[in-house]
Amino acid sequence: MLIASPSGASAIIRKEFPGKCTHYGLRRKHNFGVWASEFPAFLPKEVENIKDQFARNLASRIDRLPVPLSLTKNHIMSSCVKPKTLSKTSPLVLLHGFDSSLLEWRYVLPLLEEAGLETWAFDVLGWGFSDLENLPPCNVASKRDHLYQVDKLIFIDASVYAEGTGNLAKLPKLMAYAGIGRLHCLLPWWEDATVDFMISGGYNVSSYIQHVKQKALVIWGENDQIIDSKLSVRLQCELPNAIIQQVPDCGHIPHVEKPAAVSKLITDFVQVDGQVDIPASLACLKKV
């Protein structure tokens with residue numbers, strides 16, 4: 001099952017992942033040497049300055065796994081958080097939003113694990129903490145190639161009707177959440193990867209919505225000041241098989257602002273009569 005945020009339009013659903021790899025190809029601008037730390041050595045050393053304990057806990061679990069890109073015939077050492085326990089059902093895969101990282105899920109992921117769901121968090125290609133020293137294309141096609149096979153979707157305050165990269169100036173200050181959201185920007189390839197995505201034109205997915213056949217849940221912050229709530233109703237109506245749930249007293253980032261409510265909505269959506277439903281994917285698309 002996949003859960004994505006701002007720009008994650010597709011996701012990978014797999015029962016098995018390759019073993020841990022410890023090759024960290026880091027370069028220029030920053031000193032990323034090994035230091036005595038609770039965190040993996042490939043993270044920027046500024047991770048030590050994070051005060052939010054939930055973010056620290058999740059950062060300490062970040063690993064890198066090889067994910068193939070069919071467009072380039074290469075593997076990307078992709079940053080992720082692996083589940084504490086594996087289940088016999090298909091997993092949830094959490095995807096963050098535009099120019100962010102898996103640390104967005106620092107509050108929700110532990111709650112989903114407590115609910116007994118096998119939960120992975122992956123960084124979208126070009127953002128987060130993957131090893132991009134040999135910079136691959138980070139355009140829309142490559143991001144889609146990196147994440148695929150979606151069976152069920154969850155959209156959280158999704159800006160699917162914005163064409164291209166939209167008005168980035170309207171990003172809420174909460175996106176920066178005390179520096180956590182910008183930690184990945186300290187990696188030396190961040191600027192090139194982001195520019196590659198921007199000049200590719202960004203996502204234009206509104207014409208594809210009616211073709212989404214998967215079961216879908218639309219979660220929306222009742223007080224979202226970034227995207228008009230009328231678009232949540234439009235999205236539900238245009239999706240062939242969708243339901244909508246509004247989160248009261250909540251803005252544009254429900255999984256950060258109201259993690260308990262969002263976790264319950266997700267858990268209820270993927271379970272049927274106390275059992276985990278068929279292979280599923282939750283995608284929170286917040287294309288801003």
# chains A, B, ... in the order shown; residues from 1 in each chain; ligands from 1

$ residues_around --residues "Thr72 (chain A)" --least-positions-apart "2" --cutoff "12 Å" --atoms "only C-alpha atoms" --output "ChimeraX atom specification"
/A:67-70,74-76,134-138,141-142,145-146

$ write_last_selection --atoms "all heavy atoms" --output "tab-separated table (two decimals), in the first residue's frame"
chain	number	residue	atom	x	y	z
A	67	VAL	N	17.28	0.45	-6.07
A	67	VAL	CA	16.04	0.41	-6.84
A	67	VAL	C	16.40	0.63	-8.31
A	67	VAL	O	17.04	1.62	-8.65
A	67	VAL	CB	15.04	1.49	-6.38
A	67	VAL	CG1	13.82	1.52	-7.30
A	67	VAL	CG2	14.61	1.23	-4.94
A	68	PRO	N	16.01	-0.28	-9.22
A	68	PRO	CA	16.38	-0.14	-10.62
A	68	PRO	C	15.58	0.95	-11.33
A	68	PRO	O	14.41	1.16	-11.04
A	68	PRO	CB	16.06	-1.52	-11.21
A	68	PRO	CG	14.96	-2.05	-10.33
A	68	PRO	CD	15.26	-1.51	-8.96
A	69	LEU	N	16.24	1.64	-12.26
A	69	LEU	CA	15.57	2.58	-13.16
A	69	LEU	C	15.65	2.00	-14.56
A	69	LEU	O	16.73	1.88	-15.14
A	69	LEU	CB	16.26	3.94	-13.13
A	69	LEU	CG	16.02	4.85	-11.93
A	69	LEU	CD1	16.74	6.17	-12.13
A	69	LEU	CD2	14.55	5.08	-11.69
A	70	SER	N	14.51	1.65	-15.13
A	70	SER	CA	14.51	1.04	-16.45
A	70	SER	C	14.93	2.02	-17.53
A	70	SER	O	15.45	1.63	-18.58
A	70	SER	CB	13.12	0.48	-16.77
A	70	SER	OG	12.15	1.52	-16.81
A	74	ASN	N	20.20	1.62	-14.69
A	74	ASN	CA	21.03	1.70	-13.50
A	74	ASN	C	20.19	1.51	-12.24
A	74	ASN	O	18.97	1.52	-12.29
A	74	ASN	CB	21.74	3.07	-13.42
A	74	ASN	CG	22.74	3.25	-14.54
A	74	ASN	OD1	23.44	2.31	-14.91
A	74	ASN	ND2	22.82	4.47	-15.07
A	75	HIS	N	20.89	1.33	-11.11
A	75	HIS	CA	20.23	1.25	-9.81
A	75	HIS	C	20.51	2.52	-9.03
A	75	HIS	O	21.61	3.07	-9.08
A	75	HIS	CB	20.73	0.04	-9.01
A	75	HIS	CG	20.21	-1.27	-9.50
A	75	HIS	ND1	20.65	-1.86	-10.68
A	75	HIS	CD2	19.28	-2.12	-8.98
A	75	HIS	CE1	20.01	-3.00	-10.86
A	75	HIS	NE2	19.19	-3.18	-9.85
A	76	ILE	N	19.49	2.98	-8.32
A	76	ILE	CA	19.63	4.13	-7.44
A	76	ILE	C	19.60	3.63	-6.01
A	76	ILE	O	18.70	2.88	-5.61
A	76	ILE	CB	18.48	5.14	-7.65
A	76	ILE	CG1	18.46	5.65	-9.10
A	76	ILE	CG2	18.61	6.31	-6.67
A	76	ILE	CD1	19.68	6.40	-9.51
A	134	ASN	N	25.99	10.16	-9.01
A	134	ASN	CA	25.97	10.02	-10.46
A	134	ASN	C	24.59	10.42	-10.94
A	134	ASN	O	23.74	9.57	-11.23
A	134	ASN	CB	26.30	8.59	-10.87
A	134	ASN	CG	27.69	8.19	-10.43
A	134	ASN	OD1	28.64	8.96	-10.57
A	134	ASN	ND2	27.82	6.98	-9.88
A	135	LEU	N	24.37	11.72	-10.99
A	135	LEU	CA	23.02	12.30	-11.10
A	135	LEU	C	22.22	11.70	-12.24
A	135	LEU	O	22.52	11.90	-13.41
A	135	LEU	CB	23.13	13.80	-11.28
A	135	LEU	CG	21.81	14.58	-11.18
A	135	LEU	CD1	21.28	14.51	-9.75
A	135	LEU	CD2	22.00	16.03	-11.59
A	136	PRO	N	21.15	10.95	-11.91
A	136	PRO	CA	20.25	10.44	-12.95
A	136	PRO	C	19.24	11.52	-13.32
A	136	PRO	O	19.12	12.54	-12.63
A	136	PRO	CB	19.54	9.29	-12.23
A	136	PRO	CG	19.45	9.76	-10.81
A	136	PRO	CD	20.72	10.55	-10.56
A	137	PRO	N	18.52	11.36	-14.42
A	137	PRO	CA	17.43	12.29	-14.71
A	137	PRO	C	16.42	12.29	-13.55
A	137	PRO	O	16.08	11.22	-13.03
A	137	PRO	CB	16.81	11.74	-15.99
A	137	PRO	CG	17.88	10.89	-16.60
A	137	PRO	CD	18.64	10.31	-15.45
A	138	CYS	N	16.00	13.46	-13.14
A	138	CYS	CA	15.02	13.57	-12.05
A	138	CYS	C	13.75	14.23	-12.54
A	138	CYS	O	13.06	14.92	-11.77
A	138	CYS	CB	15.63	14.33	-10.87
A	138	CYS	SG	17.00	13.47	-10.08
A	141	ALA	N	9.22	11.65	-15.83
A	141	ALA	CA	9.28	10.27	-16.29
A	141	ALA	C	10.15	9.41	-15.38
A	141	ALA	O	9.80	8.26	-15.06
A	141	ALA	CB	9.83	10.22	-17.73
A	142	SER	N	11.27	9.95	-14.91
A	142	SER	CA	12.16	9.20	-14.03
A	142	SER	C	11.54	8.98	-12.66
A	142	SER	O	11.68	7.91	-12.06
A	142	SER	CB	13.50	9.92	-13.90
A	142	SER	OG	14.18	9.95	-15.13
A	145	ASP	N	9.11	6.23	-13.09
A	145	ASP	CA	9.82	4.96	-13.28
A	145	ASP	C	10.32	4.42	-11.95
A	145	ASP	O	10.37	3.21	-11.72
A	145	ASP	CB	10.99	5.19	-14.24
A	145	ASP	CG	11.72	3.91	-14.58
A	145	ASP	OD1	11.06	2.86	-14.68
A	145	ASP	OD2	12.95	3.96	-14.78
A	146	HIS	N	10.70	5.33	-11.06
A	146	HIS	CA	11.26	4.96	-9.76
A	146	HIS	C	10.21	4.36	-8.83
A	146	HIS	O	10.52	3.56	-7.96
A	146	HIS	CB	11.87	6.21	-9.12
A	146	HIS	CG	12.64	5.97	-7.86
A	146	HIS	ND1	12.35	6.61	-6.68
A	146	HIS	CD2	13.69	5.15	-7.58
A	146	HIS	CE1	13.19	6.21	-5.75
A	146	HIS	NE2	14.01	5.34	-6.27

$ residues_around --residues "region 181-185 of chain A" --least-positions-apart "2" --cutoff "12 Å" --atoms "only C-alpha atoms" --output "number ranges by chain"
A: 30, 42-50, 52, 55-56, 59, 79, 96-106, 123-124, 126-132, 172-179, 187-194, 256

$ write_last_selection --atoms "N, CA and C atoms" --output "short mmCIF file (atom, residue, chain, number, x, y, z; two decimals), in the first residue's frame"
data_model
loop_
_atom_site.label_atom_id
_atom_site.label_comp_id
_atom_site.auth_asym_id
_atom_site.auth_seq_id
_atom_site.Cartn_x
_atom_site.Cartn_y
_atom_site.Cartn_z
N HIS A 30 30.11 19.56 1.22
CA HIS A 30 29.88 19.31 2.63
C HIS A 30 30.75 18.15 3.10
N PHE A 42 25.35 8.81 6.00
CA PHE A 42 25.11 9.55 4.76
C PHE A 42 24.19 10.76 4.95
N LEU A 43 23.60 10.91 6.12
CA LEU A 43 22.78 12.10 6.37
C LEU A 43 23.67 13.31 6.64
N PRO A 44 23.21 14.50 6.27
CA PRO A 44 23.98 15.70 6.63
C PRO A 44 24.18 15.78 8.14
N LYS A 45 25.33 16.26 8.55
CA LYS A 45 25.65 16.30 9.97
C LYS A 45 24.68 17.19 10.75
N GLU A 46 23.99 18.10 10.02
CA GLU A 46 23.02 18.98 10.69
C GLU A 46 21.84 18.22 11.28
N VAL A 47 21.69 16.95 10.95
CA VAL A 47 20.62 16.15 11.52
C VAL A 47 20.73 16.12 13.04
N GLU A 48 21.95 16.28 13.54
CA GLU A 48 22.16 16.28 14.99
C GLU A 48 21.45 17.45 15.67
N ASN A 49 21.15 18.50 14.91
CA ASN A 49 20.53 19.70 15.50
C ASN A 49 19.01 19.59 15.62
N ILE A 50 18.42 18.56 15.05
CA ILE A 50 16.97 18.41 15.10
C ILE A 50 16.52 18.14 16.53
N ASP A 52 13.02 17.75 17.35
CA ASP A 52 11.81 16.94 17.34
C ASP A 52 12.17 15.46 17.50
N ALA A 55 11.11 13.10 14.70
CA ALA A 55 11.96 13.22 13.52
C ALA A 55 13.30 12.51 13.75
N ARG A 56 13.85 12.66 14.93
CA ARG A 56 15.12 11.99 15.25
C ARG A 56 14.95 10.47 15.19
N ALA A 59 14.69 9.50 11.51
CA ALA A 59 15.97 9.70 10.82
C ALA A 59 16.96 8.59 11.16
N SER A 79 16.81 6.09 -0.54
CA SER A 79 16.61 6.20 0.91
C SER A 79 15.20 5.80 1.29
N HIS A 96 6.35 11.18 0.30
CA HIS A 96 6.25 12.59 0.70
C HIS A 96 5.87 13.46 -0.48
N GLY A 97 5.81 14.77 -0.24
CA GLY A 97 5.39 15.69 -1.29
C GLY A 97 6.54 16.42 -1.95
N PHE A 98 6.20 17.51 -2.63
CA PHE A 98 7.16 18.26 -3.44
C PHE A 98 8.35 18.73 -2.62
N ASP A 99 9.55 18.42 -3.13
CA ASP A 99 10.81 18.88 -2.54
C ASP A 99 10.83 18.69 -1.03
N SER A 100 10.55 17.49 -0.59
CA SER A 100 10.53 17.17 0.83
C SER A 100 11.27 15.86 1.05
N SER A 101 10.95 15.16 2.12
CA SER A 101 11.60 13.89 2.40
C SER A 101 10.66 13.01 3.22
N LEU A 102 11.07 11.78 3.43
CA LEU A 102 10.24 10.84 4.19
C LEU A 102 10.05 11.27 5.64
N LEU A 103 10.82 12.26 6.11
CA LEU A 103 10.62 12.75 7.47
C LEU A 103 9.26 13.41 7.66
N GLU A 104 8.56 13.70 6.55
CA GLU A 104 7.17 14.17 6.65
C GLU A 104 6.31 13.20 7.45
N TRP A 105 6.66 11.93 7.40
CA TRP A 105 5.82 10.90 7.99
C TRP A 105 6.23 10.54 9.41
N ARG A 106 6.98 11.41 10.06
CA ARG A 106 7.53 11.11 11.39
C ARG A 106 6.46 10.86 12.44
N ASP A 123 11.78 7.87 -0.24
CA ASP A 123 11.99 9.21 -0.77
C ASP A 123 11.78 9.20 -2.28
N VAL A 124 11.05 10.19 -2.77
CA VAL A 124 10.83 10.36 -4.21
C VAL A 124 12.16 10.70 -4.86
N GLY A 126 15.12 12.30 -6.55
CA GLY A 126 15.50 13.70 -6.68
C GLY A 126 15.38 14.48 -5.39
N TRP A 127 14.64 13.96 -4.43
CA TRP A 127 14.49 14.61 -3.13
C TRP A 127 14.83 13.61 -2.04
N GLY A 128 14.76 14.05 -0.79
CA GLY A 128 15.10 13.13 0.28
C GLY A 128 16.59 12.85 0.33
N PHE A 129 16.96 11.63 0.72
CA PHE A 129 18.35 11.32 1.08
C PHE A 129 18.96 10.20 0.25
N SER A 130 18.42 9.96 -0.94
CA SER A 130 19.00 8.95 -1.83
C SER A 130 20.36 9.40 -2.33
N ASP A 131 21.17 8.42 -2.76
CA ASP A 131 22.50 8.72 -3.29
C ASP A 131 22.37 9.06 -4.77
N LEU A 132 22.56 10.34 -5.09
CA LEU A 132 22.43 10.80 -6.47
C LEU A 132 23.73 11.39 -6.99
N PRO A 172 3.23 26.69 2.56
CA PRO A 172 3.05 27.14 3.94
C PRO A 172 4.35 27.07 4.72
N LYS A 173 4.51 27.98 5.68
CA LYS A 173 5.71 27.97 6.50
C LYS A 173 5.88 26.66 7.25
N LEU A 174 4.76 25.99 7.54
CA LEU A 174 4.84 24.74 8.27
C LEU A 174 5.62 23.69 7.51
N MET A 175 5.73 23.85 6.17
CA MET A 175 6.49 22.90 5.37
C MET A 175 7.94 22.83 5.85
N ALA A 176 8.44 23.94 6.35
CA ALA A 176 9.83 23.95 6.79
C ALA A 176 10.00 23.32 8.16
N TYR A 177 8.93 23.16 8.87
CA TYR A 177 8.87 22.68 10.25
C TYR A 177 10.24 22.58 10.94
N ALA A 178 10.66 23.74 11.41
CA ALA A 178 11.86 23.86 12.25
C ALA A 178 13.10 23.27 11.59
N GLY A 179 13.20 23.38 10.28
CA GLY A 179 14.39 22.93 9.60
C GLY A 179 14.37 21.48 9.18
N LEU A 187 22.24 18.16 0.91
CA LEU A 187 22.98 17.20 0.09
C LEU A 187 23.47 17.89 -1.19
N PRO A 188 24.67 17.55 -1.66
CA PRO A 188 25.29 18.32 -2.74
C PRO A 188 24.58 18.26 -4.08
N TRP A 189 23.74 17.24 -4.31
CA TRP A 189 23.08 17.12 -5.61
C TRP A 189 21.65 17.66 -5.61
N TRP A 190 21.19 18.17 -4.46
CA TRP A 190 19.80 18.61 -4.35
C TRP A 190 19.44 19.66 -5.39
N GLU A 191 20.30 20.66 -5.55
CA GLU A 191 19.97 21.77 -6.46
C GLU A 191 19.81 21.28 -7.89
N ASP A 192 20.76 20.47 -8.37
CA ASP A 192 20.69 19.97 -9.75
C ASP A 192 19.46 19.10 -9.96
N ALA A 193 19.15 18.24 -8.98
CA ALA A 193 18.01 17.33 -9.11
C ALA A 193 16.70 18.11 -9.16
N THR A 194 16.59 19.15 -8.35
CA THR A 194 15.36 19.94 -8.31
C THR A 194 15.19 20.76 -9.59
N VAL A 256 0.89 15.89 9.21
CA VAL A 256 1.76 16.55 10.17
C VAL A 256 0.93 17.21 11.27
#

$ select_by_dssp --residues "region 55-245 of chain A" --states "strand (DSSP E)" --output "MDAnalysis selection string"
chainID A and resid 62:69 74:81 92:95 119:122 152:156 215:221 242:245

$ write_last_selection --atoms "N, CA, C and O atoms" --output "short mmCIF file (atom, residue, chain, number, x, y, z; two decimals), in the first residue's frame"
data_model
loop_
_atom_site.label_atom_id
_atom_site.label_comp_id
_atom_site.auth_asym_id
_atom_site.auth_seq_id
_atom_site.Cartn_x
_atom_site.Cartn_y
_atom_site.Cartn_z
N ILE A 62 16.64 5.54 8.79
CA ILE A 62 16.78 5.68 7.33
C ILE A 62 17.89 4.77 6.81
O ILE A 62 18.98 4.71 7.36
N ASP A 63 17.58 4.06 5.75
CA ASP A 63 18.52 3.15 5.11
C ASP A 63 18.52 3.46 3.61
O ASP A 63 17.74 4.28 3.14
N ARG A 64 19.41 2.81 2.87
CA ARG A 64 19.42 2.93 1.42
C ARG A 64 19.35 1.54 0.79
O ARG A 64 20.09 0.64 1.20
N LEU A 65 18.46 1.40 -0.19
CA LEU A 65 18.30 0.13 -0.90
C LEU A 65 18.38 0.38 -2.40
O LEU A 65 17.94 1.42 -2.88
N PRO A 66 18.93 -0.56 -3.17
CA PRO A 66 19.03 -0.37 -4.62
C PRO A 66 17.68 -0.54 -5.30
O PRO A 66 17.01 -1.55 -5.14
N VAL A 67 17.28 0.45 -6.07
CA VAL A 67 16.04 0.41 -6.84
C VAL A 67 16.40 0.63 -8.31
O VAL A 67 17.04 1.62 -8.65
N PRO A 68 16.01 -0.28 -9.22
CA PRO A 68 16.38 -0.14 -10.62
C PRO A 68 15.58 0.95 -11.33
O PRO A 68 14.41 1.16 -11.04
N LEU A 69 16.24 1.64 -12.26
CA LEU A 69 15.57 2.58 -13.16
C LEU A 69 15.65 2.00 -14.56
O LEU A 69 16.73 1.88 -15.14
N ASN A 74 20.20 1.62 -14.69
CA ASN A 74 21.03 1.70 -13.50
C ASN A 74 20.19 1.51 -12.24
O ASN A 74 18.97 1.52 -12.29
N HIS A 75 20.89 1.33 -11.11
CA HIS A 75 20.23 1.25 -9.81
C HIS A 75 20.51 2.52 -9.03
O HIS A 75 21.61 3.07 -9.08
N ILE A 76 19.49 2.98 -8.32
CA ILE A 76 19.63 4.13 -7.44
C ILE A 76 19.60 3.63 -6.01
O ILE A 76 18.70 2.88 -5.61
N MET A 77 20.61 4.02 -5.22
CA MET A 77 20.58 3.70 -3.80
C MET A 77 19.56 4.63 -3.14
O MET A 77 19.86 5.77 -2.82
N SER A 78 18.37 4.11 -2.99
CA SER A 78 17.22 4.93 -2.60
C SER A 78 17.00 4.91 -1.10
O SER A 78 16.97 3.84 -0.48
N SER A 79 16.81 6.09 -0.54
CA SER A 79 16.61 6.20 0.91
C SER A 79 15.20 5.80 1.29
O SER A 79 14.23 6.13 0.60
N CYS A 80 15.10 5.09 2.40
CA CYS A 80 13.80 4.60 2.85
C CYS A 80 13.87 4.28 4.34
O CYS A 80 14.95 4.22 4.94
N VAL A 81 12.71 4.08 4.91
CA VAL A 81 12.60 3.51 6.26
C VAL A 81 11.87 2.18 6.11
O VAL A 81 10.76 2.12 5.60
N LEU A 92 2.09 -0.94 3.14
CA LEU A 92 1.84 0.46 2.84
C LEU A 92 3.16 1.09 2.45
O LEU A 92 4.19 0.80 3.06
N VAL A 93 3.15 1.94 1.45
CA VAL A 93 4.33 2.71 1.08
C VAL A 93 3.98 4.19 1.16
O VAL A 93 3.06 4.65 0.49
N LEU A 94 4.70 4.91 2.00
CA LEU A 94 4.42 6.34 2.21
C LEU A 94 5.33 7.18 1.33
O LEU A 94 6.55 7.01 1.34
N LEU A 95 4.75 8.09 0.57
CA LEU A 95 5.52 9.00 -0.27
C LEU A 95 5.27 10.44 0.15
O LEU A 95 4.13 10.86 0.31
N THR A 119 4.68 -0.99 7.16
CA THR A 119 4.75 0.35 6.59
C THR A 119 6.17 0.72 6.19
O THR A 119 7.09 0.68 7.00
N TRP A 120 6.31 1.07 4.92
CA TRP A 120 7.57 1.57 4.38
C TRP A 120 7.42 3.06 4.08
O TRP A 120 6.33 3.52 3.76
N ALA A 121 8.51 3.81 4.17
CA ALA A 121 8.54 5.20 3.71
C ALA A 121 9.70 5.34 2.74
O ALA A 121 10.83 4.98 3.08
N PHE A 122 9.42 5.82 1.54
CA PHE A 122 10.44 6.01 0.51
C PHE A 122 10.57 7.47 0.14
O PHE A 122 9.60 8.23 0.19
N LYS A 152 -4.19 0.81 -4.82
CA LYS A 152 -5.19 1.59 -4.09
C LYS A 152 -4.55 2.92 -3.73
O LYS A 152 -3.35 3.00 -3.49
N LEU A 153 -5.34 3.99 -3.72
CA LEU A 153 -4.80 5.33 -3.56
C LEU A 153 -5.45 6.09 -2.42
O LEU A 153 -6.65 5.98 -2.20
N ILE A 154 -4.64 6.91 -1.75
CA ILE A 154 -5.16 7.89 -0.81
C ILE A 154 -4.55 9.24 -1.18
O ILE A 154 -3.34 9.38 -1.30
N PHE A 155 -5.39 10.23 -1.40
CA PHE A 155 -4.95 11.57 -1.76
C PHE A 155 -5.13 12.47 -0.54
O PHE A 155 -6.22 12.57 0.01
N ILE A 156 -4.07 13.15 -0.12
CA ILE A 156 -4.15 14.05 1.03
C ILE A 156 -3.90 15.47 0.56
O ILE A 156 -2.80 15.83 0.17
N LYS A 215 -9.51 1.80 -6.04
CA LYS A 215 -10.24 2.37 -4.91
C LYS A 215 -9.41 3.51 -4.33
O LYS A 215 -8.19 3.40 -4.21
N ALA A 216 -10.08 4.59 -3.98
CA ALA A 216 -9.33 5.77 -3.52
C ALA A 216 -10.02 6.42 -2.33
O ALA A 216 -11.25 6.40 -2.20
N LEU A 217 -9.21 7.00 -1.47
CA LEU A 217 -9.68 7.80 -0.35
C LEU A 217 -9.09 9.20 -0.49
O LEU A 217 -7.88 9.35 -0.68
N VAL A 218 -9.94 10.22 -0.43
CA VAL A 218 -9.50 11.61 -0.48
C VAL A 218 -9.57 12.18 0.93
O VAL A 218 -10.66 12.28 1.51
N ILE A 219 -8.43 12.53 1.50
CA ILE A 219 -8.36 13.15 2.83
C ILE A 219 -8.03 14.62 2.64
O ILE A 219 -7.12 14.96 1.89
N TRP A 220 -8.77 15.48 3.33
CA TRP A 220 -8.60 16.93 3.11
C TRP A 220 -8.67 17.68 4.43
O TRP A 220 -9.57 17.45 5.24
N GLY A 221 -7.73 18.59 4.64
CA GLY A 221 -7.80 19.47 5.79
C GLY A 221 -8.92 20.48 5.61
O GLY A 221 -8.96 21.19 4.60
N ALA A 242 -14.15 6.49 -5.36
CA ALA A 242 -13.50 7.23 -4.29
C ALA A 242 -14.50 7.67 -3.22
O ALA A 242 -15.68 7.88 -3.49
N ILE A 243 -13.98 7.82 -2.01
CA ILE A 243 -14.72 8.43 -0.90
C ILE A 243 -13.89 9.60 -0.38
O ILE A 243 -12.69 9.67 -0.63
N ILE A 244 -14.53 10.51 0.34
CA ILE A 244 -13.83 11.68 0.85
C ILE A 244 -14.03 11.79 2.36
O ILE A 244 -15.10 11.49 2.88
N GLN A 245 -12.95 12.20 3.06
CA GLN A 245 -13.00 12.42 4.50
C GLN A 245 -12.29 13.73 4.80
O GLN A 245 -11.13 13.92 4.46
#

$ closest_residue --among "A:Leu147, A:Tyr107, A:Asp157, A:Val205" --to "Glu257 (chain A)" --atoms "only C-alpha atoms"
A:Tyr107

$ closest_residue --among "A:Cys250, A:Thr85, A:Ala261, A:Asp268" --to "Val108 (chain A)" --atoms "only C-alpha atoms"
A:Ala261

$ atom_distance --atom1 "CA of Leu112 (chain A)" --atom2 "CA of Ile253 (chain A)"
17.1 Å

$ select_by_dssp --residues "region 78-198 of chain A" --states "alpha helix (DSSP H)" --output "list in words"
Val108, Leu109, Pro110, Leu111, Leu112, Glu113, Glu114, Val140, Ala141, Ser142, Lys143, Arg144, Asp145, His146, Trp190, Glu191, Asp192, Ala193, Thr194, Val195, Asp196, Phe197 and Met198 of chain A

$ closest_residue --among "A:Pro110, A:Pro240, A:Gly116, A:Pro83" --to "Asn57 (chain A)" --atoms "only C-alpha atoms"
A:Pro110

$ atom_distance --atom1 "CA of Val140 (chain A)" --atom2 "CA of Gln246 (chain A)"
29.2 Å

$ atom_distance --atom1 "CA of Leu86 (chain A)" --atom2 "CA of Phe269 (chain A)"
19.6 Å

$ closest_residue --among "A:Glu114, A:Pro259, A:His211, A:Lys88" --to "Glu238 (chain A)" --atoms "only C-alpha atoms"
A:His211

$ decode --residues "region 255-260 of chain A" --atoms "all heavy atoms" --output "tab-separated table (two decimals), in the first residue's frame"
chain	number	residue	atom	x	y	z
A	255	HIS	N	-1.21	15.05	7.70
A	255	HIS	CA	-0.37	14.00	8.30
A	255	HIS	C	0.67	14.57	9.26
A	255	HIS	O	1.25	13.82	10.04
A	255	HIS	CB	0.28	13.14	7.22
A	255	HIS	CG	1.05	13.90	6.19
A	255	HIS	ND1	0.45	14.80	5.35
A	255	HIS	CD2	2.36	13.89	5.85
A	255	HIS	CE1	1.36	15.32	4.53
A	255	HIS	NE2	2.53	14.78	4.82
A	256	VAL	N	0.89	15.89	9.21
A	256	VAL	CA	1.76	16.55	10.17
A	256	VAL	C	0.93	17.21	11.27
A	256	VAL	O	1.27	17.15	12.45
A	256	VAL	CB	2.65	17.61	9.48
A	256	VAL	CG1	3.45	18.42	10.51
A	256	VAL	CG2	3.61	16.93	8.50
A	257	GLU	N	-0.18	17.83	10.89
A	257	GLU	CA	-1.00	18.57	11.84
A	257	GLU	C	-1.91	17.68	12.68
A	257	GLU	O	-2.13	17.95	13.87
A	257	GLU	CB	-1.85	19.60	11.10
A	257	GLU	CG	-1.04	20.61	10.28
A	257	GLU	CD	-1.93	21.50	9.43
A	257	GLU	OE1	-2.87	22.09	10.00
A	257	GLU	OE2	-1.70	21.59	8.22
A	258	LYS	N	-2.48	16.64	12.07
A	258	LYS	CA	-3.44	15.76	12.75
A	258	LYS	C	-3.09	14.29	12.48
A	258	LYS	O	-3.85	13.55	11.86
A	258	LYS	CB	-4.87	16.06	12.26
A	258	LYS	CG	-5.35	17.47	12.52
A	258	LYS	CD	-5.62	17.72	13.98
A	258	LYS	CE	-6.17	19.13	14.21
A	258	LYS	NZ	-6.48	19.38	15.64
A	259	PRO	N	-1.92	13.85	12.94
A	259	PRO	CA	-1.47	12.50	12.60
A	259	PRO	C	-2.37	11.38	13.12
A	259	PRO	O	-2.54	10.37	12.43
A	259	PRO	CB	-0.07	12.42	13.23
A	259	PRO	CG	-0.06	13.48	14.29
A	259	PRO	CD	-0.93	14.57	13.77
A	260	ALA	N	-2.95	11.54	14.30
A	260	ALA	CA	-3.81	10.49	14.84
A	260	ALA	C	-5.05	10.30	13.98
A	260	ALA	O	-5.46	9.17	13.68
A	260	ALA	CB	-4.20	10.82	16.29
